[in-house]
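Engineer: Structure below; questions to follow.
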Amino acid sequence: MALPGARARGWAAAAKIAQRRRHAEGARGPSSRAPLSSRAALYVHWPYCEKRCSYCNFNKYIPRGVEEAAMRSCLVTEAQTLLRLSGVRRVESVFFGGGTPSLASPSTVAAVLEAVDQAAHLPADSEVTLEANPTSTPRARLAAFGAAGVNRLSIGLQSLDDTELQLLGRTHSARDALQTLAEARRLFPGRVSVDLMLGLPAQQVGPWLGQLRTLLGCCDDHLSLYQLTLERGTALFTQVQWGTLPAPDPELAAEMYQEGRAMLREAGFRQYEVSNFARNGALSTHNWTYWQCGQYLGIGPGAHGRFVPQGAGGHTREARIQTLEPDNWMKEVMLFGHGTRRRVPLSQLELLEEVLAMGLRTDVGITHQHWQQFEPQLSLWDVFRASREVKAQLAQGLLLLDHRCVVGGGGLVPGGPGSPDYRSTGPGGKRTDEEGPVGAGCFVPLDSED
Amino acid sequence: MWTPVGRGRGHGRALTAWASAAAHRGLLEPRRTPSRGAAATSRTLDRLYSSADRKEKIDMSRFSVENIRNFSIIAHVDHGKSTLADRLLELTGTIDKTKNNKQVLDKLQVERERGITVKAQTASLFYNCEGKQYLLNLIDTPGHVDFSYEVSRSLSACQGVLLVVDANEIDLKNADPARVEKQIEKVFDIPSDECIKISAKLGTNIERVLQAVIERIPPPKVHRKNPLKALVFDSTFDQYRGVIANVALFDGVVSKGDKIMSAHTKKTYEVNEVGVLNPNEQPTHKLYAGQVGYLIAGMKDVTEAQIGDTLYLHKQPVEPLPGFKSAKPMVFAGMYPIDQSEYNNLKSAVEKLTINDSSVTVHRDSSLALGAGWRLGFLGLLHMEVFNQRLEQEYNASVILTTPTVPYKAVLSSAKLIKEYREKEITIINPAQFPDKSKVTEYLEPVILGTIITPDEYTGKVMMLCQARRAVQKNMMYIDQNRVMLKYLFPLNEIVVDFYDSLKSLSSGYASFDYEDAGYQTAELVKMDILLNGNLVEELVTIVHKDKAHSVGKAICERLKDSLPRQLFEIAIQAAIGSKIIARETVKAYRKNVLAKCYGGDITRKMKLLKRQAEGKKKLRKIGNIEVPKDAFIKVLRTQPDK
């Protein structure tokens with residue numbers, strides 16, 4: 001358990017210098033050329049919260065006291081174990097999610113990053129994101145996370161309306177949120193994202209757009225729009241069931257989404273994924289890995305992962321989930337070095353289904369090149385040319401399949417796929433040429449949530 | 001309804017009718033008891049006669065014509081006809097009195113549940129009165145106007161009827177026997193002193209009913225010496241013995257071994273068995289003129305023993321009895337198994353039911369949306385409901401029954417079409433066959449004469465309802481101080497769907513409705529198409545009256561809107577006549593939440609949702625590019641449940 005400060009600060013300090021250099025060069029992150037199987041993203045789940053939010057059904061716990069040292073040591077151990085199992089040599093992004101990871105000590109974050117860098121290589125310019133809750137992160141604490149190696153913040157702002165925040169069971173006010181946002185921007189310029197929810201019960205389009213407008217006046221270069229999903233077992237779900245709250249109106253939510261997209265487009269944001277918007281190339285590398293079906297390791301209670309356990313001689317990608325309950329997870333980590341509860345090998349078909357479903361969420365869709373990485377034998381043409389359903393969707397303009405890619409797009413936007421002058425940039429600011437991917441404005445019909 | 005008999009069926013026989021009315025003790029009876037009315041006078045006379053020993057074949061020759069009475073009981077639905085029949089059967093020892101006899105003649109579950117008789121039953125009662133042994137044949141009839149033809153045939157075998165009027169309809173707050181007597185005088189011209197007040201429930205005065213049958217109903221005017229002339233007034237099918245025809249002998253004698261012939265089919269048969277109905281079949285040596293019983297003669301199918309047909313001896317043809325008609329379905333509906341894998345089971349159930357009921361017409365049909373099924377023709381709405389209920393109860397078959405339609409007619413003007421159909425006037429059962437207006441002189445729709453009796457406070461509402469159903473008032477009269485009898489000429493299609501329910505609900509259940517066939521009338525009919533984004537939905541083509549096109553079209557569009565799942569694009573649902581759009585609804589494009597935050601890279605969940613959705617898509621049928629689930633068709637096509 002001797003991880004601490006010095007060495008951790010060592011990685012963080014080195015990273016800082018590297019990042020400064022990168023910024024000076026103009027946000028042009030080099031994409032790694034290492035083979036896919038030796039690279040991965042890392043998700044770290046911090047399962048604790050101060051208070052239960054009324055809409056959240058994520059794996060989280062409201063503890064009386066957290067044995068943080070034990071938690072830290074287990075996260076470190078599990079990271080080491082899984083990195084070894086995966087044979088991953090290079091971790092390209094780390095994401096601290098939860099739960100409320102901003103409740104964890106900066107030293108825990110530092111310890112995990114240090115361990116990752118030790119077990120595999122964590123390049124200095126790797127994206128290290130922390131989800132931060134406005135109330136739990138005063139300026140000094142944010143700075144401490146920065147010193148620990150965090151270089152990107154994702155703020156769970158959710159709303160700029162205090163009544164809505166109350167409805168959502170959030171502990172912060174709109175003012176808290178804006179203040180945290182301002183501080184975060186000073187500390188992590190160009191590297192702050194905010195989450196904004198839409199489609200809340202009784203929420204109206206006009207006022208919501210007003211919130212978005214306010215946010216555009218003070219936000220950084222990344223923004224996520226999430227539509228409320230009423231999840232069984234949450235307080236909000238129960239209230240809607242009992243009729244004490246009106247059910248969210250999907251029509252209005254759709255309108256908010258469409259109008260919101262337009263407003264963000266106006267403001268120079270690129271919608272690179274259904275929920276995610278970035279300008280100045282500030283795409284989230286970590287999330288991009290999910291949409292591109294890259295490998296990712298998940299550590300912490302209930303974390304999900306997708307990787308080939310090459311280090312253990314495996315050749316098949318597995319979907320993995322860690323034990324949900326923190327105490328049990330910790331026991332397992334202490335006993336076995338990891339708390340993996342379930343490993344499901346993905347068949348080639350399942351993997352390709354994921355490649356499609358995830359890729360179609362992005363504006364670049366699935367390039368032939370990308371597809372080939374997963375399926376060298378059958379091209380996109382081979383798979384889809386004959387499908388009547390695909391033909392119909394192509395005819396309706398819901399899909400685009402050409403010499404470059406397949407893209408989903410419901411309301412093709414000017415400058416979207418099919419428009420000849422379109423140029424898009426991939427994550428890391430990489431510019432694409434004619435043979436590369438194109439972007440779409442709207443997204444895939446296939447996905448559903450209810 | 002007082003009685004459906006005697007109207008325009010041309011059996012040309014005078015009916016002796018008298019009514020029973022009773023006092024009101026029954027007010028305290030539980031609501032659902034089938035019998036009504038309570039005793040006023042004393043219970044008299046012990047049973048005089050027990051029926052003959054049923055083990056031995058009865059010698060029917062000892063019942064000469066003078067000692068035979070053939071009669072029927074006529075009553076409004078639920079007025080206690082079957083209960084009276086039970087008492088008559090008990091009193092004559094035909095059935096055991098100790099048993100809890102409940103509507104012995106109503107054998108079907110649906111009959112007991114609905115309090116109506118669907119399948120007529122007949123019972124021969126042996127009764128000793130003043131030293132003479134009488135044979136009283138109670139020829140029960142179906143209790144609904146749908147079966148008016150069957151009723152008319154049964155009645156043509158009778159020389160008189162008992163009219164049962166419930167004076168104490170305890171379901172109604174305004175029960176009043178004295179008023180009922182006045183009504184009977186007014187409506188039927190039957191003097192109140194001719195009414196016998198009985199309680200079928202308690203058995204009061206039942207003996208007097210039998211005496212009255214003997215005194216007031218004449219014996220049949222028939223001759224044993226003449227050659228055989230027998231009326232088939234009902235038939236049933238027995239799996240082992242074939243068709244059992246219920247017959248009334250107008251002349252002659254019939255016995256086992258006789259060669260007989262059907263006047264309608266001209267087929268000959270050898271009689272295997274004759275007997276009386278008691279009410280179960282009891283073989284006898286012979287049946288004689290004036291008697292009523294059954295006959296089994298190797299007929300394989302009920303269509304060989306059609307109701308109204310005349311049977312005679314092979315070598316001695318006689319003039320057939322008047323009034324024979326083949327069954328004429330008036331209401332058509334599609335019937336489909338809910339699951340196509342049930343097709344064969346349903347097919348055999350339909351066959352088994354129709355083998356006993358030749359009045360149901362069956363045509364194979366298939367729908368793109370609902371699969372293979374049948375287009376069935378029924379005598380009327382109740383007939384259809386009963387058929388469906390029997391399928392469910394007796395054969396455990398659950399079906400999709402489409403909204404009923406009526407047989408329209410078109411008088412063709414196009415020489416080419418006339419040649420094609422080989423007739424000028426064609427009947428249109430399937431909307432797909434509806435000929436274009438340019439090829440038609442006129443369209444005709446079936447009409448019925450409906451009779452509504454209602455407490456006068458509802459008259460206004462009832463009249464509005466009738467007007468809305470395109471009905472023309474023919475008559476209106478007060479049958480007592482606060483009850484009105486209205487007669488309207490209705491287009492049949494206006495009452496086939498939900499008229500009865502509407503009438504009942506606007507009158508708090510007090511108004512009654514009955515109808516009889518009134519032929520055809522000219523109608524401005526149009527074919528209405530339903531379009532989804534401009535593509536025709538063949539299943540939903542409908543024939544409607546021009547005045548109703550808008551409301552019917554709107555209703556269909558609304559129902560479709562409610563049941564069509566959203567797609568990725570907007571769907572326009574339109575009702576059109578020719579190229580003119582008369583109603584429109586829009587299903588907005590799909591709004592699915594794809595924006596939920598993905599928890600910690602949990603994409604398995606998203607994949608599962610996608611798969612579930614893909615499964616659902618397999619059950620869809622595509623119209624143009626619109627996927628329509630079978631459920632949507634069912635919701636639009638099937639008979640709407642009671643509102």
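Chain labels A, B, ... are given in the sequence in which chains occur in the structure tokens; within each chain residues are numbered consecutively from 1, and ligands are likewise numbered from 1 in the order shown.
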Excluding stretch 335-341 of chain A and residues on its chain fewer than 3 positions from it, collect all residues at most 9 Å away from it, counting only C-alpha atoms, and give them as a PyMOL selection string.
Structural biologist: chain A and resi 74-75+77-82+299-303+320-324+328-332
Engineer: So that I can check the secondary structure, give me every residue of stretch 160-247 of chain B assigned strand (DSSP E or B) by backbone DSSP, as number ranges by chain.
Structural biologist: B: 160-164, 199, 204, 223, 229-238, 242-247
Engineer: Could you please select, counting only C-alpha atoms, the residues of chain B within 7 Å of chain A and state them as a ChimeraX atom specification?
Structural biologist: /B:568,591-597,599-602,609-610
Engineer: List as a JSON list (two decimals) with C-alpha atoms, in the first residue's frame the protein and nucleic acid residues near B:Pro407, meaning an atom at most 10 Å away when only C-alpha atoms are counted, but skip any in the same chain fewer than 2 places from it.
Structural biologist:
```json
[["chain", "number", "residue", "atom", "x", "y", "z"],
["B", 329, "PRO", "CA", -77.81, -15.08, -43.80],
["B", 330, "MET", "CA", -78.22, -11.41, -42.97],
["B", 331, "VAL", "CA", -75.03, -10.66, -41.11],
["B", 332, "PHE", "CA", -71.55, -11.57, -42.24],
["B", 377, "GLY", "CA", -73.01, -15.70, -42.65],
["B", 405, "THR", "CA", -71.25, -6.46, -42.36],
["B", 409, "LYS", "CA", -76.89, -5.57, -53.52],
["B", 426, "ILE", "CA", -75.81, -9.17, -57.46],
["B", 427, "THR", "CA", -75.26, -9.56, -53.74],
["B", 428, "ILE", "CA", -72.03, -8.14, -52.38],
["B", 429, "ILE", "CA", -70.65, -9.87, -49.35],
["B", 430, "ASN", "CA", -67.03, -8.90, -49.66],
["B", 431, "PRO", "CA", -66.18, -5.19, -50.09],
["B", 444, "LEU", "CA", -79.46, -1.63, -52.36],
["B", 445, "GLU", "CA", -79.08, -2.23, -48.66],
["B", 446, "PRO", "CA", -81.05, -4.57, -46.41],
["B", 492, "LEU", "CA", -79.62, -3.27, -41.18],
["B", 493, "ASN", "CA", -76.01, -2.20, -41.13],
["B", 520, "TYR", "CA", -84.03, -3.99, -49.40]]
```
Engineer: Measuring atom to atom with only C-alpha atoms, identify which of B:Leu228, B:Tyr510, B:Gly93, B:Phe63 is nearest to B:Ile260.
Structural biologist: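 Checking each candidate against B:Ile260, we get B:Leu228 as the closest.
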Engineer: Can you tell me, as a ChimeraX atom specification, what residues are no more than 7 Å from stretch 474-487 of chain B when counting only C-alpha atoms, ignoring any on the same chain fewer than 4 positions away?
Structural biologist: /B:183,186-187,449-456
Engineer: Please report, as a PyMOL selection string, each residue of stretch 54-194 of chain A to which DSSP assigns alpha helix (DSSP H) when run on this structure's backbone.
Structural biologist: chain A and resi 68-86+106-119+139-148+162-167+174-187
Engineer: Produce a file of the selected residues containing C-alpha atoms, as a compact mmCIF listing (two decimals), in the first residue's frame.
Structural biologist:
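Result saved to out28.txt:
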```
# COMPACT_ATOMS: atom_id res chain seq x y z
CA GLU A 68 -11.14 4.79 1.70
CA ALA A 69 -7.74 3.24 2.22
CA ALA A 70 -9.16 -0.21 1.61
CA MET A 71 -11.11 1.00 -1.37
CA ARG A 72 -8.02 2.67 -2.78
CA SER A 73 -5.90 -0.39 -2.34
CA CYS A 74 -8.53 -2.60 -3.96
CA LEU A 75 -8.89 -0.28 -6.95
CA VAL A 76 -5.14 -0.33 -7.38
CA THR A 77 -4.99 -4.11 -7.05
CA GLU A 78 -7.84 -4.68 -9.49
CA ALA A 79 -6.30 -2.27 -12.00
CA GLN A 80 -3.01 -4.14 -11.79
CA THR A 81 -4.69 -7.53 -12.10
CA LEU A 82 -6.86 -6.63 -15.06
CA LEU A 83 -4.08 -4.84 -16.87
CA ARG A 84 -1.98 -7.95 -16.49
CA LEU A 85 -4.81 -10.21 -17.64
CA SER A 86 -5.51 -8.07 -20.65
CA PRO A 106 -7.39 13.12 -4.77
CA SER A 107 -4.76 10.77 -3.36
CA THR A 108 -6.92 7.77 -4.33
CA VAL A 109 -7.17 9.09 -7.85
CA ALA A 110 -3.43 9.63 -7.90
CA ALA A 111 -2.77 6.12 -6.60
CA VAL A 112 -4.86 4.54 -9.31
CA LEU A 113 -3.20 6.58 -12.05
CA GLU A 114 0.22 5.81 -10.71
CA ALA A 115 -0.58 2.10 -10.59
CA VAL A 116 -1.85 2.21 -14.15
CA ASP A 117 1.25 3.93 -15.35
CA GLN A 118 3.35 1.33 -13.55
CA ALA A 119 1.47 -1.70 -14.81
CA ARG A 139 -12.00 25.00 -5.88
CA ALA A 140 -9.19 23.73 -3.70
CA ARG A 141 -10.37 20.17 -4.13
CA LEU A 142 -10.62 20.55 -7.88
CA ALA A 143 -7.07 21.82 -7.93
CA ALA A 144 -5.97 18.82 -5.86
CA PHE A 145 -7.56 16.47 -8.41
CA GLY A 146 -5.65 18.34 -11.08
CA ALA A 147 -2.44 17.80 -9.17
CA ALA A 148 -3.34 14.10 -8.87
CA ASP A 162 -33.51 24.99 -8.87
CA THR A 163 -36.97 23.44 -8.87
CA GLU A 164 -35.81 20.85 -11.36
CA LEU A 165 -32.65 20.21 -9.38
CA GLN A 166 -34.79 19.58 -6.35
CA LEU A 167 -37.04 17.25 -8.30
CA ALA A 174 -28.00 26.31 -10.20
CA ARG A 175 -25.69 28.88 -8.68
CA ASP A 176 -23.42 26.18 -7.20
CA ALA A 177 -23.28 24.56 -10.60
CA LEU A 178 -22.31 27.71 -12.46
CA GLN A 179 -19.71 28.54 -9.86
CA THR A 180 -18.17 25.07 -10.06
CA LEU A 181 -18.19 25.33 -13.83
CA ALA A 182 -16.37 28.66 -13.74
CA GLU A 183 -13.74 27.32 -11.34
CA ALA A 184 -13.30 24.16 -13.35
CA ARG A 185 -12.73 26.16 -16.51
CA ARG A 186 -10.03 28.20 -14.83
CA LEU A 187 -8.31 25.03 -13.67
```
Engineer: Find the spatial neighbours of stretch 263-267 of chain B, counting only C-alpha atoms, within a cut-off of 12 Å - ignore same-chain residues fewer than 3 positions away - and output them as a PyMOL selection string.
Structural biologist: chain B and resi 229-232+259-260+270+297-300+302-326
Engineer: Residues within 10 Å of B:Met528, please, as a list in words. Count only C-alpha atoms; anything in the same chain fewer than 5 positions from it doesn't count.
Structural biologist: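 Listing them by chain and then by number gives Pro431, Leu540, Val541, Thr542, Ile543, Val544, His545, Lys546, Ala549, His550, Val552, Gly553, Ala575, Ala576, Ile577, Gly578, Lys580, Ile581 and Ile582 of chain B.
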Engineer: Can you tell me, as a compact mmCIF listing (two decimals) with N, CA and C atoms, in the first residue's frame, what residues are no more than 8 Å from B:Val213 when counting only C-alpha atoms, ignoring any on the same chain fewer than 4 positions away?
Structural biologist:
```txt
# COMPACT_ATOMS: atom_id res chain seq x y z
N ARG B 69 -102.96 -32.17 -28.87
CA ARG B 69 -102.86 -30.72 -28.94
C ARG B 69 -101.40 -30.37 -29.22
N PHE B 71 -98.87 -27.27 -29.36
CA PHE B 71 -98.81 -25.86 -28.97
C PHE B 71 -97.37 -25.43 -28.68
N VAL B 209 -103.39 -24.19 -16.79
CA VAL B 209 -102.82 -23.93 -18.12
C VAL B 209 -103.03 -25.16 -19.00
N ILE B 217 -107.35 -24.93 -27.36
CA ILE B 217 -106.61 -25.16 -28.60
C ILE B 217 -107.26 -26.33 -29.35
```
Engineer: Rank A:Gln310, A:Gln292, A:Gln203, A:Thr316 by their smallest atom-to-atom distance to A:Gly359, using only C-alpha atoms, and report the top residue only.
Structural biologist: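 For A:Gly359, the nearest of the candidates is A:Gln292.
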Engineer: For the atom pair atom CA of B:Asp517 and atom CA of B:Lys504, what is the interatomic distance in Å to one decimal place?
Structural biologist: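 Separation of atom CA of B:Asp517 and atom CA of B:Lys504: 21.5 Å.
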Engineer: Work out how far apart atom CA of B:Ile74 and atom CA of B:Asp140 are and give it in Å to one decimal.
Structural biologist: 8.4 Å
